[in-house]
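Text of the file structure35.cif, holding mmCIF, C-alpha atoms:
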data_coords
loop_
_atom_site.group_PDB
_atom_site.id
_atom_site.type_symbol
_atom_site.label_atom_id
_atom_site.label_comp_id
_atom_site.auth_asym_id
_atom_site.auth_seq_id
_atom_site.Cartn_x
_atom_site.Cartn_y
_atom_site.Cartn_z
ATOM 1 C CA MET A 2 77.429 -110.108 169.062
ATOM 2 C CA LEU A 3 77.944 -113.636 167.787
ATOM 3 C CA LYS A 4 80.218 -114.085 164.779
ATOM 4 C CA ILE A 5 78.494 -115.524 161.717
ATOM 5 C CA ILE A 6 80.490 -118.484 160.404
ATOM 6 C CA TYR A 7 78.057 -119.851 157.803
ATOM 7 C CA ARG A 8 75.585 -117.469 156.163
ATOM 8 C CA ILE A 9 73.444 -120.369 154.950
ATOM 9 C CA CYS A 10 73.332 -123.595 156.946
ATOM 10 C CA CYS A 11 70.863 -126.297 157.885
ATOM 11 C CA GLY A 12 70.179 -128.009 161.187
ATOM 12 C CA MET A 13 68.543 -131.440 161.166
ATOM 13 C CA ASP A 14 66.503 -133.125 163.865
ATOM 14 C CA VAL A 15 66.625 -136.837 163.033
ATOM 15 C CA HIS A 16 63.963 -139.261 164.247
ATOM 16 C CA LYS A 17 63.249 -142.885 163.400
ATOM 17 C CA SER A 18 60.522 -142.222 160.808
ATOM 18 C CA PHE A 19 61.042 -138.586 159.837
ATOM 19 C CA VAL A 20 63.594 -135.782 159.586
ATOM 20 C CA VAL A 21 62.991 -132.084 160.234
ATOM 21 C CA ALA A 22 65.345 -129.756 158.356
ATOM 22 C CA CYS A 23 65.633 -126.049 159.179
ATOM 23 C CA ILE A 24 67.650 -123.694 156.940
ATOM 24 C CA ALA A 25 68.961 -120.457 158.445
ATOM 25 C CA SER A 26 69.921 -117.719 155.952
ATOM 26 C CA THR A 27 71.664 -114.512 157.079
ATOM 27 C CA ASN A 28 71.854 -111.506 154.750
ATOM 28 C CA GLU A 29 74.472 -108.736 154.607
ATOM 29 C CA GLN A 30 72.577 -106.701 157.230
ATOM 30 C CA GLY A 31 72.808 -109.574 159.704
ATOM 31 C CA VAL A 32 69.106 -110.467 159.530
ATOM 32 C CA THR A 33 68.467 -114.209 159.733
ATOM 33 C CA THR A 34 65.436 -115.918 158.210
ATOM 34 C CA TYR A 35 64.425 -119.541 158.728
ATOM 35 C CA LYS A 36 62.786 -122.190 156.547
ATOM 36 C CA SER A 37 61.806 -125.589 157.871
ATOM 37 C CA LYS A 38 60.438 -128.685 156.203
ATOM 38 C CA ARG A 39 59.666 -132.218 157.274
ATOM 39 C CA PHE A 40 60.656 -135.330 155.313
ATOM 40 C CA SER A 41 60.170 -139.028 155.904
ATOM 41 C CA THR A 42 63.181 -141.347 156.199
ATOM 42 C CA PHE A 43 62.343 -143.195 152.963
ATOM 43 C CA THR A 44 64.880 -142.874 150.149
ATOM 44 C CA GLY A 45 62.572 -140.839 147.893
ATOM 45 C CA ASP A 46 61.873 -138.215 150.554
ATOM 46 C CA LEU A 47 65.554 -138.022 151.521
ATOM 47 C CA ARG A 48 66.410 -137.264 147.904
ATOM 48 C CA GLN A 49 63.747 -134.545 147.955
ATOM 49 C CA CYS A 50 65.447 -133.197 151.082
ATOM 50 C CA ALA A 51 68.782 -133.069 149.249
ATOM 51 C CA ALA A 52 67.141 -131.301 146.294
ATOM 52 C CA TRP A 53 65.482 -128.823 148.688
ATOM 53 C CA LEU A 54 68.865 -128.000 150.227
ATOM 54 C CA ASP A 55 70.344 -127.445 146.750
ATOM 55 C CA GLU A 56 67.457 -125.169 145.779
ATOM 56 C CA ASN A 57 68.211 -122.997 148.809
ATOM 57 C CA ASN A 58 71.984 -123.029 148.104
ATOM 58 C CA CYS A 59 72.664 -124.781 151.413
ATOM 59 C CA LYS A 60 75.930 -126.734 151.459
ATOM 60 C CA ASP A 61 76.567 -126.978 155.221
ATOM 61 C CA VAL A 62 74.438 -129.372 157.262
ATOM 62 C CA CYS A 63 74.752 -130.149 160.964
ATOM 63 C CA ILE A 64 73.057 -132.647 163.261
ATOM 64 C CA GLN A 65 71.389 -131.492 166.434
ATOM 65 C CA ALA A 66 72.412 -132.899 169.798
ATOM 66 C CA PHE A 67 69.589 -135.432 169.534
ATOM 67 C CA SER A 68 71.718 -137.605 167.258
ATOM 68 C CA ALA A 69 74.663 -137.669 169.661
ATOM 69 C CA ILE A 70 72.320 -138.376 172.585
ATOM 70 C CA GLY A 71 70.635 -141.149 170.603
ATOM 71 C CA VAL A 72 73.915 -142.858 169.706
ATOM 72 C CA ILE A 73 75.298 -142.632 173.251
ATOM 73 C CA SER A 74 72.026 -143.865 174.762
ATOM 74 C CA GLU A 75 72.221 -146.931 172.491
ATOM 75 C CA ILE A 76 75.903 -147.906 172.833
ATOM 76 C CA GLY A 77 76.873 -146.212 176.117
ATOM 77 C CA VAL A 78 80.314 -144.714 176.818
ATOM 78 C CA ASP A 79 82.084 -147.836 178.101
ATOM 79 C CA MET A 80 83.601 -149.437 175.002
ATOM 80 C CA SER A 81 85.237 -152.257 176.967
ATOM 81 C CA VAL A 82 82.066 -154.304 176.383
ATOM 82 C CA PHE A 83 83.005 -154.489 172.697
ATOM 83 C CA PRO A 84 86.416 -156.130 172.040
ATOM 84 C CA THR A 85 86.806 -154.324 168.693
ATOM 85 C CA SER A 86 84.964 -151.806 166.549
ATOM 86 C CA LYS A 87 83.893 -154.683 164.292
ATOM 87 C CA HIS A 88 81.948 -156.224 167.184
ATOM 88 C CA LEU A 89 80.150 -152.907 167.720
ATOM 89 C CA CYS A 90 79.314 -152.553 164.019
ATOM 90 C CA SER A 91 77.991 -156.120 163.979
ATOM 91 C CA TRP A 92 75.865 -155.417 167.059
ATOM 92 C CA ALA A 93 74.460 -152.315 165.338
ATOM 93 C CA GLY A 94 73.526 -154.313 162.209
ATOM 94 C CA LEU A 95 75.984 -152.572 159.883
ATOM 95 C CA THR A 96 77.932 -155.646 158.738
ATOM 96 C CA PRO A 97 76.924 -158.367 156.244
ATOM 97 C CA GLN A 98 75.277 -161.514 157.553
ATOM 98 C CA ASN A 99 77.176 -164.793 157.565
ATOM 99 C CA ASN A 100 74.347 -166.945 156.232
ATOM 100 C CA GLU A 101 76.038 -169.951 154.671
ATOM 101 C CA SER A 102 74.908 -173.533 154.177
ATOM 102 C CA ALA A 103 76.714 -176.409 152.437
ATOM 103 C CA GLY A 104 79.428 -174.051 151.298
ATOM 104 C CA LYS A 105 76.968 -171.710 149.589
ATOM 105 C CA LYS A 106 76.299 -168.158 150.746
ATOM 106 C CA LYS A 107 72.558 -167.507 150.866
ATOM 107 C CA THR A 108 72.752 -163.771 151.503
ATOM 108 C CA THR A 109 75.262 -161.042 152.295
ATOM 109 C CA ARG A 110 72.730 -158.421 153.332
ATOM 110 C CA ILE A 111 73.153 -156.540 156.570
ATOM 111 C CA SER A 112 71.351 -158.006 159.563
ATOM 112 C CA ARG A 113 68.148 -156.728 161.144
ATOM 113 C CA ALA A 114 69.961 -155.762 164.350
ATOM 114 C CA GLY A 115 70.188 -152.151 165.459
ATOM 115 C CA ALA A 116 66.560 -151.225 164.771
ATOM 116 C CA TYR A 117 67.026 -147.778 166.345
ATOM 117 C CA ILE A 118 70.710 -146.907 166.030
ATOM 118 C CA LYS A 119 71.058 -148.027 162.394
ATOM 119 C CA PRO A 120 68.515 -145.540 160.913
ATOM 120 C CA LEU A 121 70.046 -142.831 163.084
ATOM 121 C CA LEU A 122 73.567 -143.494 161.784
ATOM 122 C CA VAL A 123 72.294 -143.622 158.205
ATOM 123 C CA GLN A 124 70.813 -140.134 158.593
ATOM 124 C CA CYS A 125 74.089 -138.904 160.064
ATOM 125 C CA ALA A 126 75.944 -140.431 157.108
ATOM 126 C CA LEU A 127 73.633 -138.686 154.624
ATOM 127 C CA CYS A 128 74.435 -135.364 156.270
ATOM 128 C CA ALA A 129 78.172 -136.066 156.564
ATOM 129 C CA ILE A 130 78.598 -136.690 152.830
ATOM 130 C CA ARG A 131 77.143 -133.232 152.121
ATOM 131 C CA ALA A 132 79.170 -131.294 154.672
ATOM 132 C CA LYS A 133 82.155 -129.343 153.319
ATOM 133 C CA ARG A 134 83.962 -129.827 156.624
ATOM 134 C CA PHE A 135 84.374 -133.566 156.000
ATOM 135 C CA PRO A 136 85.779 -133.979 152.471
ATOM 136 C CA GLU A 137 87.364 -137.301 153.415
ATOM 137 C CA VAL A 138 83.902 -138.735 154.094
ATOM 138 C CA ARG A 139 82.484 -137.486 150.801
ATOM 139 C CA ARG A 140 85.486 -138.800 148.821
ATOM 140 C CA ARG A 141 85.064 -142.260 150.298
ATOM 141 C CA TYR A 142 81.318 -142.179 149.634
ATOM 142 C CA LEU A 143 81.793 -141.210 145.964
ATOM 143 C CA ALA A 144 84.426 -143.918 145.459
ATOM 144 C CA LEU A 145 82.112 -146.559 146.949
ATOM 145 C CA LYS A 146 79.039 -145.290 145.128
ATOM 146 C CA LYS A 147 80.658 -145.814 141.713
ATOM 147 C CA ARG A 148 81.324 -149.466 142.476
ATOM 148 C CA ARG A 149 78.579 -150.500 144.889
ATOM 149 C CA GLY A 150 75.722 -148.007 144.475
ATOM 150 C CA HIS A 151 74.207 -145.386 146.771
ATOM 151 C CA LYS A 152 72.594 -147.645 149.383
ATOM 152 C CA LYS A 153 75.648 -149.819 150.075
ATOM 153 C CA ALA A 154 77.895 -146.749 150.086
ATOM 154 C CA ILE A 155 75.722 -145.039 152.725
ATOM 155 C CA ILE A 156 75.799 -148.150 154.930
ATOM 156 C CA ALA A 157 79.602 -148.197 154.592
ATOM 157 C CA ILE A 158 79.777 -144.525 155.643
ATOM 158 C CA ALA A 159 77.483 -145.223 158.613
ATOM 159 C CA ARG A 160 79.843 -148.055 159.636
ATOM 160 C CA MET A 161 82.788 -145.681 159.196
ATOM 161 C CA LEU A 162 81.141 -143.115 161.524
ATOM 162 C CA LEU A 163 80.374 -145.747 164.162
ATOM 163 C CA THR A 164 83.983 -146.986 163.992
ATOM 164 C CA ALA A 165 85.184 -143.416 164.543
ATOM 165 C CA ILE A 166 82.811 -143.022 167.515
ATOM 166 C CA TYR A 167 84.081 -146.285 168.997
ATOM 167 C CA ASN A 168 87.727 -145.171 168.820
ATOM 168 C CA MET A 169 86.931 -141.686 170.154
ATOM 169 C CA LEU A 170 85.207 -143.157 173.207
ATOM 170 C CA LYS A 171 87.698 -145.976 173.765
ATOM 171 C CA LYS A 172 90.857 -143.857 173.385
ATOM 172 C CA ASN A 173 89.326 -140.637 174.758
ATOM 173 C CA GLU A 174 90.573 -138.580 171.826
ATOM 174 C CA PRO A 175 88.924 -136.183 169.330
ATOM 175 C CA TYR A 176 88.036 -137.030 165.759
ATOM 176 C CA ASN A 177 91.126 -136.967 163.507
ATOM 177 C CA PRO A 178 90.263 -136.665 159.791
ATOM 178 C CA GLU A 179 93.920 -137.048 158.785
ATOM 179 C CA LEU A 180 93.745 -140.774 159.552
ATOM 180 C CA TYR A 181 91.148 -141.246 156.816
ATOM 181 C CA ARG A 182 92.922 -138.941 154.398
ATOM 182 C CA LYS A 183 96.168 -140.887 154.793
ATOM 183 C CA ALA A 184 94.348 -144.191 154.338
ATOM 184 C CA ASP A 185 92.883 -142.972 151.027
ATOM 185 C CA ARG A 186 96.302 -141.985 149.670
ATOM 186 C CA PRO A 187 98.641 -144.795 148.534
ATOM 187 C CA PRO A 188 102.338 -144.376 149.446
ATOM 188 C CA ALA A 189 104.380 -142.276 146.997
ATOM 189 C CA HIS A 190 107.129 -144.912 146.622
ATOM 190 C CA ARG A 191 105.903 -148.459 146.832
ATOM 191 C CA GLU A 192 106.185 -151.569 144.716
ATOM 192 C CA VAL A 193 102.871 -153.359 144.340
ATOM 193 C CA SER A 194 101.713 -156.449 142.519
ATOM 194 C CA LEU A 195 99.251 -156.338 139.649
ATOM 195 C CA GLU A 196 96.389 -157.430 141.926
ATOM 196 C CA GLU A 197 97.221 -154.736 144.477
ATOM 197 C CA ALA A 198 97.426 -152.072 141.746
ATOM 198 C CA ILE A 199 94.014 -153.090 140.432
ATOM 199 C CA PHE A 200 92.584 -152.956 143.963
ATOM 200 C CA ILE A 201 93.975 -149.425 144.533
ATOM 201 C CA ILE A 202 92.533 -148.198 141.236
ATOM 202 C CA GLN A 203 89.144 -149.737 142.040
ATOM 203 C CA ARG A 204 89.093 -147.986 145.432
ATOM 204 C CA GLN A 205 89.351 -144.688 143.575
ATOM 205 C CA GLY A 206 86.120 -145.526 141.773
ATOM 206 C CA TYR A 207 87.514 -146.732 138.423
ATOM 207 C CA LEU A 208 86.262 -149.823 136.586
ATOM 208 C CA VAL A 209 89.047 -152.200 135.546
ATOM 209 C CA THR A 210 88.415 -154.551 132.617
ATOM 210 C CA ALA A 211 90.688 -157.092 130.939
ATOM 211 C CA PRO A 212 91.990 -156.188 127.452
ATOM 212 C CA PRO A 213 90.408 -158.083 124.546
ATOM 213 C CA THR A 214 92.326 -161.158 123.465
ATOM 214 C CA ALA A 215 93.466 -161.517 119.854
#

Show this structure as structure tokens.
Amino acid sequence: MLKIIYRICCGMDVHKSFVVACIASTNEQGVTTYKSKRFSTFTGDLRQCAAWLDENNCKDVCIQAFSAIGVISEIGVDMSVFPTSKHLCSWAGLTPQNNESAGKKKTTRISRAGAYIKPLLVQCALCAIRAKRFPEVRRRYLALKKRRGHKKAIIAIARMLLTAIYNMLKKNEPYNPELYRKADRPPAHREVSLEEAIFIIQRQGYLVTAPPTA
């Protein structure tokens, strides 16, 4: 008999224009029931999906193998074609555009590249910020959301996931969450300037304002 790890969990099948979520609930007698629902990939429907998961007391979400197959089919497994992870993120359309003329920046929106892999990574990011197994991802999302809003925070998490995938494939090593946890914690004994202190506080999600002058 298989050991039940999560009594209530959700599996998601992510496509370009819609998401199918299936919640499996196992009672004390070991009987499992299933609920499934389909949502579009628009922001409003994705919020309805999150509310539906909360209504069913589902806190653990996993992505089916389709997502991994989709990412690998887009980027391949040979990371030598991308000099750095930043090149890969730029290719996938997860970095701001460099649209500048006469010293003036026209836009800093992300590019239109990555028409297939970008929506896929965004769906993976939406699931990762809800999963209890990845608290480092959720902490970074909440810190970014306070300063930049939900949409920009999700794009940043999608870029974070793609960077992790790049390093896993390039170095042939498993995912190490401790690297992100250490990066989020400032050193215990360190002298910093005023600007650096303000930057660290802002990364934690706080708003820093100048004191009123007399």

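Nearest residue to Lys147 in chain A, choosing from A:Met13, A:Leu54, A:Leu208, A:Leu127 and counting all atoms listed in the file: A:Leu208.
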
*Within 12 Å of Asp79 in chain A, counting all atoms listed in the file, which residues show up once you throw out same-chain ones fewer than 3 positions away? Write them as a PyMOL selection string, please.*
chain A and resi 73-76+82-84+89+166-173

*If you measure from CA of Val62 in chain A to CA of Arg131 in chain A, what distance in Å do you get, rounded to one decimal?*
7.0 Å

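Among A:Cys63, A:His16, A:Gly94, A:Thr27, the residue with the shortest atom-to-atom distance to Ser41 in chain A, counting all atoms listed in the file, is A:His16.
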
*Dig up all the protein and nucleic acid residues within 12 Å of (87.8, -138.4, 155.6) in the file frame, using only C-alpha atoms, and format them as a list in words.*
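I get Ala129, Ile130, Ala132, Lys133, Arg134, Phe135, Pro136, Glu137, Val138, Arg139, Arg140, Arg141, Tyr142, Leu143, Ile158, Met161, Leu162, Ala165, Tyr176, Asn177, Pro178, Glu179, Leu180, Tyr181, Arg182, Lys183, Ala184, Asp185 and Arg186 of chain A for the residues within 12 Å of that point.
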
*Return as JSON, numbers by chain the set of residues that the PyMOL selection byres ((chain A and resi 11) around 6) yields on the displayed structure.*
{"A": [10, 12, 23, 24, 62]}

*Which value, in Å to one decimal, gives the distance between CA of Ile155 in chain A and CA of Lys119 in chain A?*
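Distance reported for this atom pair: 11.1 Å.
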
_CA of Leu95 in chain A to CA of Cys125 in chain A, distance in Å rounded to a single decimal_ =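 Calculated distance between CA of Leu95 in chain A and CA of Cys125 in chain A is 13.8 Å.
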
_All residues 6 Å or closer to Ala159 in chain A, only C-alpha atoms, same chain fewer than 2 positions away omitted, as JSON, numbers by chain_ = {"A": [122, 123, 126, 156, 157, 161, 162]}

_Contacts of Ser91 in chain A at 10 Å (all atoms listed in the file; same-chain gap of 5+ positions) as a list in words_ =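 Surrounding residues, per the criterion: Ser86, Thr96, Pro97, Gln98, Ile111, Ser112, Ala114, Gly115 and Arg160 of chain A.
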
Hey, can I get the axis-aligned box for range 20-30 of chain A? All listed atoms, 4 Å padding on each side, centre and edge lengths in Å to one decimal, as AutoDock Vina command-line options.
--center_x 68.7 --center_y -121.2 --center_z 157.4 --size_x 19.5 --size_y 37.1 --size_z 13.6

*What does the PyMOL selection byres ((chain A and resi 40) around 12) select in this file, as a ChimeraX atom specification?*
/A:13-23,37-39,41-53,124
